[in-house]
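Here is final_1.cif, consisting of mmCIF, C-alpha atoms:
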```
data_work
#
loop_
_atom_site.group_PDB
_atom_site.id
_atom_site.type_symbol
_atom_site.label_atom_id
_atom_site.label_comp_id
_atom_site.auth_asym_id
_atom_site.auth_seq_id
_atom_site.Cartn_x
_atom_site.Cartn_y
_atom_site.Cartn_z
ATOM 1 C CA MET M 1 -32.920 -10.760 17.782
ATOM 2 C CA ALA M 2 -34.622 -7.650 16.323
ATOM 3 C CA ARG M 3 -32.657 -5.447 18.725
ATOM 4 C CA LEU M 4 -29.361 -6.995 17.511
ATOM 5 C CA ALA M 5 -30.356 -6.466 13.866
ATOM 6 C CA LYS M 6 -31.246 -2.834 14.593
ATOM 7 C CA ARG M 7 -27.929 -2.215 16.372
ATOM 8 C CA THR M 8 -26.013 -3.866 13.552
ATOM 9 C CA PHE M 9 -27.859 -1.754 10.986
ATOM 10 C CA VAL M 10 -27.114 1.454 12.922
ATOM 11 C CA ALA M 11 -23.456 0.447 13.335
ATOM 12 C CA VAL M 12 -23.129 -0.169 9.586
ATOM 13 C CA LEU M 13 -24.730 3.210 8.814
ATOM 14 C CA VAL M 14 -22.405 5.009 11.233
ATOM 15 C CA PHE M 15 -19.390 3.187 9.777
ATOM 16 C CA LEU M 16 -20.397 4.113 6.217
ATOM 17 C CA ALA M 17 -21.004 7.756 7.179
ATOM 18 C CA LEU M 18 -17.618 7.999 8.923
ATOM 19 C CA SER M 19 -15.901 6.291 5.979
ATOM 20 C CA PHE M 20 -17.477 8.696 3.506
ATOM 21 C CA ALA M 21 -16.523 11.703 5.644
ATOM 22 C CA GLY M 22 -12.980 10.373 6.034
ATOM 23 C CA LEU M 23 -12.575 9.850 2.285
ATOM 24 C CA ARG M 24 -13.846 13.361 1.590
ATOM 25 C CA ARG M 25 -11.404 14.773 4.137
ATOM 26 C CA LEU M 26 -8.527 12.782 2.626
ATOM 27 C CA ASP M 27 -9.550 14.058 -0.817
ATOM 28 C CA HIS M 28 -9.506 17.634 0.553
ATOM 29 C CA LEU M 29 -6.009 17.154 2.017
ATOM 30 C CA SER M 30 -4.827 15.587 -1.259
ATOM 31 C CA ALA M 31 -5.682 18.808 -3.104
ATOM 32 C CA ARG M 32 -3.021 20.783 -1.195
ATOM 33 C CA PRO M 33 0.535 21.190 -2.469
ATOM 34 C CA VAL M 34 2.734 18.477 -0.986
ATOM 35 C CA GLU M 35 4.946 20.651 1.203
ATOM 36 C CA LEU M 36 5.540 20.289 4.935
ATOM 37 C CA SER M 37 4.463 23.890 5.518
ATOM 38 C CA GLU M 38 0.998 23.188 4.039
ATOM 39 C CA PHE M 39 -0.006 20.768 6.809
ATOM 40 C CA SER M 40 -0.673 21.524 10.463
ATOM 41 C CA TRP M 41 -0.036 19.076 13.272
ATOM 42 C CA LEU M 42 -3.761 18.231 13.247
ATOM 43 C CA ASN M 43 -3.634 17.568 9.485
ATOM 44 C CA LYS M 44 -0.754 15.173 10.060
ATOM 45 C CA VAL M 45 -2.775 13.363 12.731
ATOM 46 C CA GLU M 46 -5.635 13.038 10.206
ATOM 47 C CA ILE M 47 -3.252 11.625 7.587
ATOM 48 C CA TYR M 48 -1.689 9.236 10.126
ATOM 49 C CA THR M 49 -5.143 8.024 11.181
ATOM 50 C CA ALA M 50 -6.119 7.474 7.533
ATOM 51 C CA TYR M 51 -2.852 5.588 6.977
ATOM 52 C CA VAL M 52 -3.503 3.227 9.884
ATOM 53 C CA LEU M 53 -7.149 2.681 8.876
ATOM 54 C CA MET M 54 -6.228 1.997 5.244
ATOM 55 C CA ASN M 55 -3.835 -0.720 6.390
ATOM 56 C CA VAL M 56 -6.272 -2.296 8.833
ATOM 57 C CA LEU M 57 -9.265 -2.196 6.477
ATOM 58 C CA GLY M 58 -7.206 -3.182 3.429
ATOM 59 C CA ALA M 59 -5.485 -6.155 5.069
ATOM 60 C CA PRO M 60 -8.151 -8.750 4.190
ATOM 61 C CA LEU M 61 -7.900 -7.923 0.465
ATOM 62 C CA TYR M 62 -4.256 -6.864 0.248
ATOM 63 C CA PRO M 63 -2.380 -8.502 3.144
ATOM 64 C CA GLU M 64 1.135 -8.033 1.774
ATOM 65 C CA ILE M 65 0.981 -4.280 1.140
ATOM 66 C CA ALA M 66 -0.805 -3.854 4.486
ATOM 67 C CA LYS M 67 2.060 -5.724 6.154
ATOM 68 C CA GLU M 68 4.688 -3.634 4.350
ATOM 69 C CA ALA M 69 2.974 -0.345 5.169
ATOM 70 C CA SER M 70 2.209 -1.316 8.773
ATOM 71 C CA LEU M 71 5.871 -2.105 9.440
ATOM 72 C CA MET M 72 6.632 1.491 8.461
ATOM 73 C CA LEU M 73 4.872 2.492 11.683
ATOM 74 C CA LEU M 74 7.672 0.903 13.718
ATOM 75 C CA PRO M 75 10.772 3.024 14.369
ATOM 76 C CA SER M 76 12.796 -0.232 14.512
ATOM 77 C CA SER M 77 12.138 -0.717 10.765
ATOM 78 C CA ASP M 78 13.921 2.515 9.820
ATOM 79 C CA GLY M 79 16.608 1.781 7.224
ATOM 80 C CA GLN M 80 16.398 -1.979 7.736
ATOM 81 C CA GLU M 81 16.059 -4.798 5.217
ATOM 82 C CA ILE M 82 13.250 -7.138 6.282
ATOM 83 C CA THR M 83 12.826 -10.493 4.538
ATOM 84 C CA PHE M 84 9.516 -12.315 4.080
ATOM 85 C CA GLU M 85 9.277 -15.861 2.766
ATOM 86 C CA SER M 86 6.166 -16.172 0.652
ATOM 87 C CA ASP M 87 5.340 -17.349 -2.843
ATOM 88 C CA PHE M 88 2.161 -15.234 -3.221
ATOM 89 C CA PHE M 89 3.703 -13.316 -6.116
ATOM 90 C CA LEU M 90 4.337 -16.438 -8.208
ATOM 91 C CA GLU M 91 0.609 -16.440 -9.126
ATOM 92 C CA SER M 92 1.123 -13.253 -11.145
ATOM 93 C CA ARG M 93 1.253 -13.445 -14.945
ATOM 94 C CA PHE M 94 3.382 -10.305 -14.858
ATOM 95 C CA ILE M 95 5.932 -12.002 -12.554
ATOM 96 C CA GLN M 96 5.817 -15.236 -14.569
ATOM 97 C CA ASN M 97 6.598 -13.242 -17.721
ATOM 98 C CA ALA M 98 9.531 -11.563 -15.958
ATOM 99 C CA LEU M 99 10.838 -14.978 -14.858
ATOM 100 C CA ASP M 100 10.372 -16.530 -18.305
ATOM 101 C CA ASN M 101 12.425 -13.711 -19.856
ATOM 102 C CA TYR M 102 14.904 -13.285 -16.998
ATOM 103 C CA SER M 103 18.533 -12.575 -17.857
ATOM 104 C CA GLU M 104 19.391 -9.938 -15.246
ATOM 105 C CA PRO M 105 17.697 -8.132 -12.348
ATOM 106 C CA VAL M 106 14.632 -6.238 -13.524
ATOM 107 C CA ARG M 107 12.712 -3.336 -11.979
ATOM 108 C CA LEU M 108 9.002 -4.080 -11.719
ATOM 109 C CA ALA M 109 6.397 -1.582 -12.897
ATOM 110 C CA TRP M 110 2.830 -2.675 -13.532
ATOM 111 C CA PRO M 111 0.570 -0.734 -15.918
ATOM 112 C CA PRO M 112 -1.861 1.681 -14.194
ATOM 113 C CA ASN M 113 -4.932 -0.486 -14.897
ATOM 114 C CA SER M 114 -3.475 -3.300 -12.753
ATOM 115 C CA TYR M 115 -4.395 -1.700 -9.423
ATOM 116 C CA GLY M 116 -8.188 -1.692 -9.572
ATOM 117 C CA LEU M 117 -10.140 -3.749 -7.077
ATOM 118 C CA GLY M 118 -10.955 -7.076 -8.695
ATOM 119 C CA ASN M 119 -7.949 -7.098 -11.032
ATOM 120 C CA ALA M 120 -6.028 -10.358 -10.638
ATOM 121 C CA GLU M 121 -2.728 -8.440 -10.491
ATOM 122 C CA ALA M 122 -3.812 -5.794 -7.942
ATOM 123 C CA ARG M 123 -2.700 -7.588 -4.774
ATOM 124 C CA ILE M 124 0.739 -8.346 -6.175
ATOM 125 C CA ALA M 125 1.194 -5.029 -7.985
ATOM 126 C CA LEU M 126 0.366 -2.995 -4.869
ATOM 127 C CA ALA M 127 2.912 -4.884 -2.772
ATOM 128 C CA LEU M 128 5.745 -5.170 -5.283
ATOM 129 C CA ASN M 129 5.573 -2.174 -7.614
ATOM 130 C CA THR M 130 8.955 -0.407 -7.913
ATOM 131 C CA GLY M 131 10.660 -3.534 -6.595
ATOM 132 C CA THR M 132 13.583 -5.258 -8.274
ATOM 133 C CA LEU M 133 13.270 -8.950 -9.162
ATOM 134 C CA HIS M 134 16.371 -11.080 -9.174
ATOM 135 C CA VAL M 135 17.085 -14.800 -9.178
ATOM 136 C CA GLU M 136 19.817 -16.084 -6.921
ATOM 137 C CA ASP M 137 20.706 -19.572 -5.640
ATOM 138 C CA GLY M 138 17.408 -21.129 -6.737
ATOM 139 C CA LYS M 139 15.358 -18.347 -5.146
ATOM 140 C CA VAL M 140 13.273 -15.559 -6.608
ATOM 141 C CA LYS M 141 13.821 -12.382 -4.608
ATOM 142 C CA ILE M 142 12.019 -9.085 -4.984
ATOM 143 C CA SER M 143 13.468 -6.111 -3.108
ATOM 144 C CA VAL M 144 10.882 -3.387 -2.553
ATOM 145 C CA PRO M 145 11.778 0.071 -1.251
ATOM 146 C CA CYS M 146 9.079 0.821 1.325
ATOM 147 C CA THR M 147 9.026 4.578 1.098
ATOM 148 C CA TRP M 148 6.498 7.096 -0.183
ATOM 149 C CA PRO M 149 7.072 9.364 -3.176
ATOM 150 C CA LYS M 150 6.471 13.082 -2.814
ATOM 151 C CA GLN M 151 4.264 13.266 -5.899
ATOM 152 C CA SER M 152 2.192 10.234 -6.853
ATOM 153 C CA LEU M 153 -1.538 9.830 -7.215
ATOM 154 C CA SER M 154 -2.948 6.304 -6.863
ATOM 155 C CA ASN M 155 -6.394 5.208 -7.974
ATOM 156 C CA VAL M 156 -7.925 2.362 -6.030
ATOM 157 C CA GLY M 157 -11.472 1.069 -5.797
ATOM 158 C CA PHE M 158 -13.907 -0.206 -8.416
ATOM 159 C CA PRO M 159 -13.049 1.334 -11.808
ATOM 160 C CA GLY M 160 -15.965 3.396 -13.079
ATOM 161 C CA LEU M 161 -18.047 2.715 -9.977
ATOM 162 C CA LEU M 162 -16.058 3.933 -6.991
ATOM 163 C CA ASP M 163 -12.770 5.629 -7.801
ATOM 164 C CA ILE M 164 -10.751 6.583 -4.760
ATOM 165 C CA ARG M 165 -7.708 8.742 -5.424
ATOM 166 C CA VAL M 166 -4.985 8.835 -2.836
ATOM 167 C CA GLN M 167 -2.149 11.358 -2.999
ATOM 168 C CA GLU M 168 0.747 9.237 -1.757
ATOM 169 C CA GLY M 169 2.628 12.456 -1.024
ATOM 170 C CA LEU M 170 0.486 12.769 2.104
ATOM 171 C CA PHE M 171 2.336 9.756 3.487
ATOM 172 C CA TRP M 172 5.625 11.270 2.308
ATOM 173 C CA ILE M 173 4.783 14.139 4.703
ATOM 174 C CA LEU M 174 4.565 11.622 7.573
ATOM 175 C CA GLU M 175 7.853 10.064 6.502
ATOM 176 C CA GLN M 176 9.582 13.468 6.460
ATOM 177 C CA GLU M 177 8.269 14.172 9.958
ATOM 178 C CA GLY M 178 9.542 10.800 11.248
ATOM 179 C CA TRP M 179 6.041 9.466 11.966
ATOM 180 C CA ILE M 180 6.558 6.524 9.607
ATOM 181 C CA HIS M 181 9.879 4.884 8.742
ATOM 182 C CA PRO M 182 11.250 3.753 5.353
ATOM 183 C CA TYR M 183 12.891 0.354 4.951
ATOM 184 C CA THR M 184 13.374 -2.343 2.282
ATOM 185 C CA ALA M 185 11.092 -5.387 2.111
ATOM 186 C CA VAL M 186 12.538 -8.486 0.458
ATOM 187 C CA TRP M 187 10.020 -11.101 -0.655
ATOM 188 C CA GLU M 188 11.545 -14.459 -1.522
ATOM 189 C CA ALA M 189 10.359 -17.864 -2.681
ATOM 190 C CA ASP M 190 11.860 -20.947 -4.248
ATOM 191 C CA LEU M 191 12.271 -20.647 -8.001
ATOM 192 C CA PRO M 192 9.463 -22.639 -9.624
ATOM 193 C CA VAL M 193 10.554 -25.761 -11.447
ATOM 194 C CA ASN M 194 9.184 -25.911 -15.001
#
```
Once you've parsed the file, please lay out its structure as structure tokens.
Amino acid sequence: MARLAKRTFVAVLVFLALSFAGLRRLDHLSARPVELSEFSWLNKVEIYTAYVLMNVLGAPLYPEIAKEASLMLLPSSDGQEITFESDFFLESRFIQNALDNYSEPVRLAWPPNSYGLGNAEARIALALNTGTLHVEDGKVKISVPCTWPKQSLSNVGFPGLLDIRVQEGLFWILEQEGWIHPYTAVWEADLPVN
């Protein structure tokens, strides 16, 4: 039993050391201008690896954005519209407010403080930000363009304790190179009855 505890402890230390080194490397890459010419093939492999790891490690906390981002890895997603039936977003006060005041399709944009780990809106905001909410035939539908902007800095983590900044333009680089593939995710659920 002591041997298992020792191995587990060593594995956790190695994992933490690799995570810290990876975050520092990602931070270093984020400091470069977001231009294709600024990144070597090896840099793109580093970014791709970080992209995959972020989705795998983030899936338990943020399953919907991990699903959206992971589907970008598949060439078959390119340019497609993929529909998911789920009512996870109906828990959001932000979404409820949009539904209560609905008169026409509305573009969704959460305030910056919504994305921090532990914020009740984070899971929904990460998956649906920049999407368009519309109500049609008794269904709530949110169409989300799954693509990466060239210039956008996201803060994730524990506010004030562990701030992790991710330059989303790094993933734009992968998209431009054809390593990840943009598409549109459509999340839909039955319109709640009040």
Name the residues captured by the PyMOL selection byres ((chain M and resi 34-36) around 7) when it is applied to the shown file; answer as a ChimeraX atom specification. /M:32-33,37-39,150,169-170,173
Residues near M:Arg107, cut-off 10 Å, all atoms listed in the file, skip fewer than 6 positions along chain, as an mmCIF file with C-alpha atoms, in the coordinates of the input:
```cif
data_model
loop_
_atom_site.group_PDB
_atom_site.id
_atom_site.type_symbol
_atom_site.label_atom_id
_atom_site.label_comp_id
_atom_site.auth_asym_id
_atom_site.auth_seq_id
_atom_site.Cartn_x
_atom_site.Cartn_y
_atom_site.Cartn_z
ATOM 1 C CA ALA M 98 9.531 -11.563 -15.958
ATOM 2 C CA LEU M 128 5.745 -5.170 -5.283
ATOM 3 C CA ASN M 129 5.573 -2.174 -7.614
ATOM 4 C CA THR M 130 8.955 -0.407 -7.913
ATOM 5 C CA GLY M 131 10.660 -3.534 -6.595
ATOM 6 C CA THR M 132 13.583 -5.258 -8.274
ATOM 7 C CA LEU M 133 13.270 -8.950 -9.162
ATOM 8 C CA HIS M 134 16.371 -11.080 -9.174
ATOM 9 C CA ILE M 142 12.019 -9.085 -4.984
ATOM 10 C CA SER M 143 13.468 -6.111 -3.108
ATOM 11 C CA VAL M 144 10.882 -3.387 -2.553
#
```
Chain and number of each residue from the PyMOL selection byres ((chain M and resi 191) around 7), as a list of chain:residue names: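 Applying the expression gives M:Gly138, M:Lys139, M:Val140, M:Ala189, M:Asp190, M:Pro192, M:Val193.
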Fewer than 2 positions away in the same chain doesn't count, so skip those; otherwise give me all residues within 10 Å of stretch 84-91 of chain M, counting all atoms listed in the file, as an MDAnalysis selection string. chainID M and resid 64 68 82 93:96 99 120:121 123:125 127:128 140:142 185:192
To one decimal in Å, tell me the separation between atom CA of M:Leu53 and atom CA of M:Leu117.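 Value for the atom CA of M:Leu53-atom CA of M:Leu117 distance: 17.5 Å.
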As AutoDock Vina command-line options, please report the centre and edge lengths, rounded to one decimal in Å, of the axis-aligned box that holds all listed atoms of stretch 128-145 of chain M with 6 Å of padding on each of the six sides.
```
--center_x 13.1 --center_y -10.5 --center_z -5.2 --size_x 27.1 --size_y 33.2 --size_z 19.9
```
List every protein, DNA or RNA residue with an atom no more than 9 Å from (7.8, 7.1, -3.7) in the file's coordinates, counting all atoms listed in the file, and format the result as a list in words.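 It turns out the residues near that spot are Thr130, Pro145, Cys146, Thr147, Trp148, Pro149, Lys150, Gln151, Ser152, Glu168, Gly169 and Trp172 of chain M.
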Could you turn the residues from that selection into a file that holds C-alpha atoms, as a PDB file, in the frame of the given file?
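See out-v2.pdb below for the written result:
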```pdb
ATOM      1  CA  THR M 130       8.955  -0.407  -7.913  1.00  0.00           C
ATOM      2  CA  PRO M 145      11.778   0.071  -1.251  1.00  0.00           C
ATOM      3  CA  CYS M 146       9.079   0.821   1.325  1.00  0.00           C
ATOM      4  CA  THR M 147       9.026   4.578   1.098  1.00  0.00           C
ATOM      5  CA  TRP M 148       6.498   7.096  -0.183  1.00  0.00           C
ATOM      6  CA  PRO M 149       7.072   9.364  -3.176  1.00  0.00           C
ATOM      7  CA  LYS M 150       6.471  13.082  -2.814  1.00  0.00           C
ATOM      8  CA  GLN M 151       4.264  13.266  -5.899  1.00  0.00           C
ATOM      9  CA  SER M 152       2.192  10.234  -6.853  1.00  0.00           C
ATOM     10  CA  GLU M 168       0.747   9.237  -1.757  1.00  0.00           C
ATOM     11  CA  GLY M 169       2.628  12.456  -1.024  1.00  0.00           C
ATOM     12  CA  TRP M 172       5.625  11.270   2.308  1.00  0.00           C
TER      13      TRP M 172
END
```
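When only C-alpha atoms are used to measure the gap to M:Ser30, the shortest distance among M:Gly178, M:Ile47, M:Asn55, M:Tyr102 belongs to M:Ile47.
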Export C-alpha atoms of stretch 58-146 of chain M from the structure just given, as a PDB file, in the first residue's frame?
```pdb
ATOM      1  CA  GLY M  58     -11.544  20.624 -19.132  1.00  0.00           C
ATOM      2  CA  ALA M  59     -14.263  18.135 -20.080  1.00  0.00           C
ATOM      3  CA  PRO M  60     -15.279  17.210 -16.512  1.00  0.00           C
ATOM      4  CA  LEU M  61     -15.946  20.869 -15.625  1.00  0.00           C
ATOM      5  CA  TYR M  62     -17.007  22.209 -19.020  1.00  0.00           C
ATOM      6  CA  PRO M  63     -18.331  19.278 -21.081  1.00  0.00           C
ATOM      7  CA  GLU M  64     -20.172  21.321 -23.706  1.00  0.00           C
ATOM      8  CA  ILE M  65     -17.294  23.584 -24.758  1.00  0.00           C
ATOM      9  CA  ALA M  66     -14.971  20.557 -24.681  1.00  0.00           C
ATOM     10  CA  LYS M  67     -17.376  18.762 -27.023  1.00  0.00           C
ATOM     11  CA  GLU M  68     -17.610  21.773 -29.349  1.00  0.00           C
ATOM     12  CA  ALA M  69     -13.847  22.278 -29.460  1.00  0.00           C
ATOM     13  CA  SER M  70     -13.075  18.564 -29.813  1.00  0.00           C
ATOM     14  CA  LEU M  71     -15.340  18.283 -32.858  1.00  0.00           C
ATOM     15  CA  MET M  72     -13.161  20.938 -34.492  1.00  0.00           C
ATOM     16  CA  LEU M  73     -10.431  18.289 -34.608  1.00  0.00           C
ATOM     17  CA  LEU M  74     -12.459  16.296 -37.141  1.00  0.00           C
ATOM     18  CA  PRO M  75     -12.115  17.277 -40.808  1.00  0.00           C
ATOM     19  CA  SER M  76     -15.698  16.009 -41.337  1.00  0.00           C
ATOM     20  CA  SER M  77     -16.963  18.915 -39.176  1.00  0.00           C
ATOM     21  CA  ASP M  78     -15.582  21.557 -41.548  1.00  0.00           C
ATOM     22  CA  GLY M  79     -18.363  23.954 -42.554  1.00  0.00           C
ATOM     23  CA  GLN M  80     -21.102  21.728 -41.145  1.00  0.00           C
ATOM     24  CA  GLU M  81     -24.001  22.543 -38.835  1.00  0.00           C
ATOM     25  CA  ILE M  82     -24.113  20.024 -35.981  1.00  0.00           C
ATOM     26  CA  THR M  83     -27.149  19.902 -33.690  1.00  0.00           C
ATOM     27  CA  PHE M  84     -27.085  18.854 -30.031  1.00  0.00           C
ATOM     28  CA  GLU M  85     -30.227  18.306 -27.987  1.00  0.00           C
ATOM     29  CA  SER M  86     -29.589  19.431 -24.442  1.00  0.00           C
ATOM     30  CA  ASP M  87     -31.243  21.765 -21.972  1.00  0.00           C
ATOM     31  CA  PHE M  88     -28.067  22.498 -19.948  1.00  0.00           C
ATOM     32  CA  PHE M  89     -28.245  26.177 -20.878  1.00  0.00           C
ATOM     33  CA  LEU M  90     -31.740  26.657 -19.436  1.00  0.00           C
ATOM     34  CA  GLU M  91     -30.156  26.777 -15.940  1.00  0.00           C
ATOM     35  CA  SER M  92     -28.516  30.099 -16.817  1.00  0.00           C
ATOM     36  CA  ARG M  93     -29.962  33.329 -15.412  1.00  0.00           C
ATOM     37  CA  PHE M  94     -28.494  35.096 -18.432  1.00  0.00           C
ATOM     38  CA  ILE M  95     -30.396  32.773 -20.815  1.00  0.00           C
ATOM     39  CA  GLN M  96     -33.578  32.999 -18.728  1.00  0.00           C
ATOM     40  CA  ASN M  97     -33.393  36.799 -18.947  1.00  0.00           C
ATOM     41  CA  ALA M  98     -32.960  36.581 -22.728  1.00  0.00           C
ATOM     42  CA  LEU M  99     -35.998  34.280 -22.954  1.00  0.00           C
ATOM     43  CA  ASP M 100     -38.119  36.465 -20.664  1.00  0.00           C
ATOM     44  CA  ASN M 101     -37.398  39.490 -22.878  1.00  0.00           C
ATOM     45  CA  TYR M 102     -37.386  37.659 -26.215  1.00  0.00           C
ATOM     46  CA  SER M 103     -38.927  39.391 -29.222  1.00  0.00           C
ATOM     47  CA  GLU M 104     -36.405  38.506 -31.937  1.00  0.00           C
ATOM     48  CA  PRO M 105     -33.168  36.524 -32.290  1.00  0.00           C
ATOM     49  CA  VAL M 106     -30.485  37.866 -29.976  1.00  0.00           C
ATOM     50  CA  ARG M 107     -26.694  37.525 -30.041  1.00  0.00           C
ATOM     51  CA  LEU M 108     -25.333  36.281 -26.726  1.00  0.00           C
ATOM     52  CA  ALA M 109     -22.398  37.989 -25.027  1.00  0.00           C
ATOM     53  CA  TRP M 110     -21.678  37.386 -21.361  1.00  0.00           C
ATOM     54  CA  PRO M 111     -19.754  39.946 -19.285  1.00  0.00           C
ATOM     55  CA  PRO M 112     -16.037  39.131 -18.802  1.00  0.00           C
ATOM     56  CA  ASN M 113     -16.450  38.178 -15.122  1.00  0.00           C
ATOM     57  CA  SER M 114     -18.746  35.277 -16.098  1.00  0.00           C
ATOM     58  CA  TYR M 115     -15.925  32.965 -17.191  1.00  0.00           C
ATOM     59  CA  GLY M 116     -14.052  32.410 -13.937  1.00  0.00           C
ATOM     60  CA  LEU M 117     -13.908  28.939 -12.455  1.00  0.00           C
ATOM     61  CA  GLY M 118     -16.683  28.651  -9.893  1.00  0.00           C
ATOM     62  CA  ASN M 119     -18.973  31.211 -11.535  1.00  0.00           C
ATOM     63  CA  ALA M 120     -22.425  29.706 -12.070  1.00  0.00           C
ATOM     64  CA  GLU M 121     -22.508  31.067 -15.639  1.00  0.00           C
ATOM     65  CA  ALA M 122     -19.019  29.888 -16.694  1.00  0.00           C
ATOM     66  CA  ARG M 123     -19.993  26.510 -18.154  1.00  0.00           C
ATOM     67  CA  ILE M 124     -22.788  27.997 -20.237  1.00  0.00           C
ATOM     68  CA  ALA M 125     -20.947  31.187 -21.192  1.00  0.00           C
ATOM     69  CA  LEU M 126     -17.895  29.279 -22.446  1.00  0.00           C
ATOM     70  CA  ALA M 127     -20.014  27.046 -24.675  1.00  0.00           C
ATOM     71  CA  LEU M 128     -22.484  29.604 -26.005  1.00  0.00           C
ATOM     72  CA  ASN M 129     -20.751  32.984 -26.112  1.00  0.00           C
ATOM     73  CA  THR M 130     -21.139  34.677 -29.523  1.00  0.00           C
ATOM     74  CA  GLY M 131     -24.078  32.392 -30.276  1.00  0.00           C
ATOM     75  CA  THR M 132     -27.476  33.578 -31.453  1.00  0.00           C
ATOM     76  CA  LEU M 133     -30.560  32.579 -29.453  1.00  0.00           C
ATOM     77  CA  HIS M 134     -33.835  32.164 -31.258  1.00  0.00           C
ATOM     78  CA  VAL M 135     -37.175  30.571 -30.449  1.00  0.00           C
ATOM     79  CA  GLU M 136     -38.853  28.513 -33.124  1.00  0.00           C
ATOM     80  CA  ASP M 137     -41.681  25.946 -33.039  1.00  0.00           C
ATOM     81  CA  GLY M 138     -41.618  25.576 -29.248  1.00  0.00           C
ATOM     82  CA  LYS M 139     -37.842  25.115 -29.176  1.00  0.00           C
ATOM     83  CA  VAL M 140     -35.029  27.298 -27.919  1.00  0.00           C
ATOM     84  CA  LYS M 141     -32.116  27.138 -30.344  1.00  0.00           C
ATOM     85  CA  ILE M 142     -28.689  28.667 -29.930  1.00  0.00           C
ATOM     86  CA  SER M 143     -26.433  28.682 -32.992  1.00  0.00           C
ATOM     87  CA  VAL M 144     -22.768  28.996 -32.052  1.00  0.00           C
ATOM     88  CA  PRO M 145     -20.030  29.634 -34.613  1.00  0.00           C
ATOM     89  CA  CYS M 146     -17.236  27.259 -33.597  1.00  0.00           C
TER      90      CYS M 146
END
```
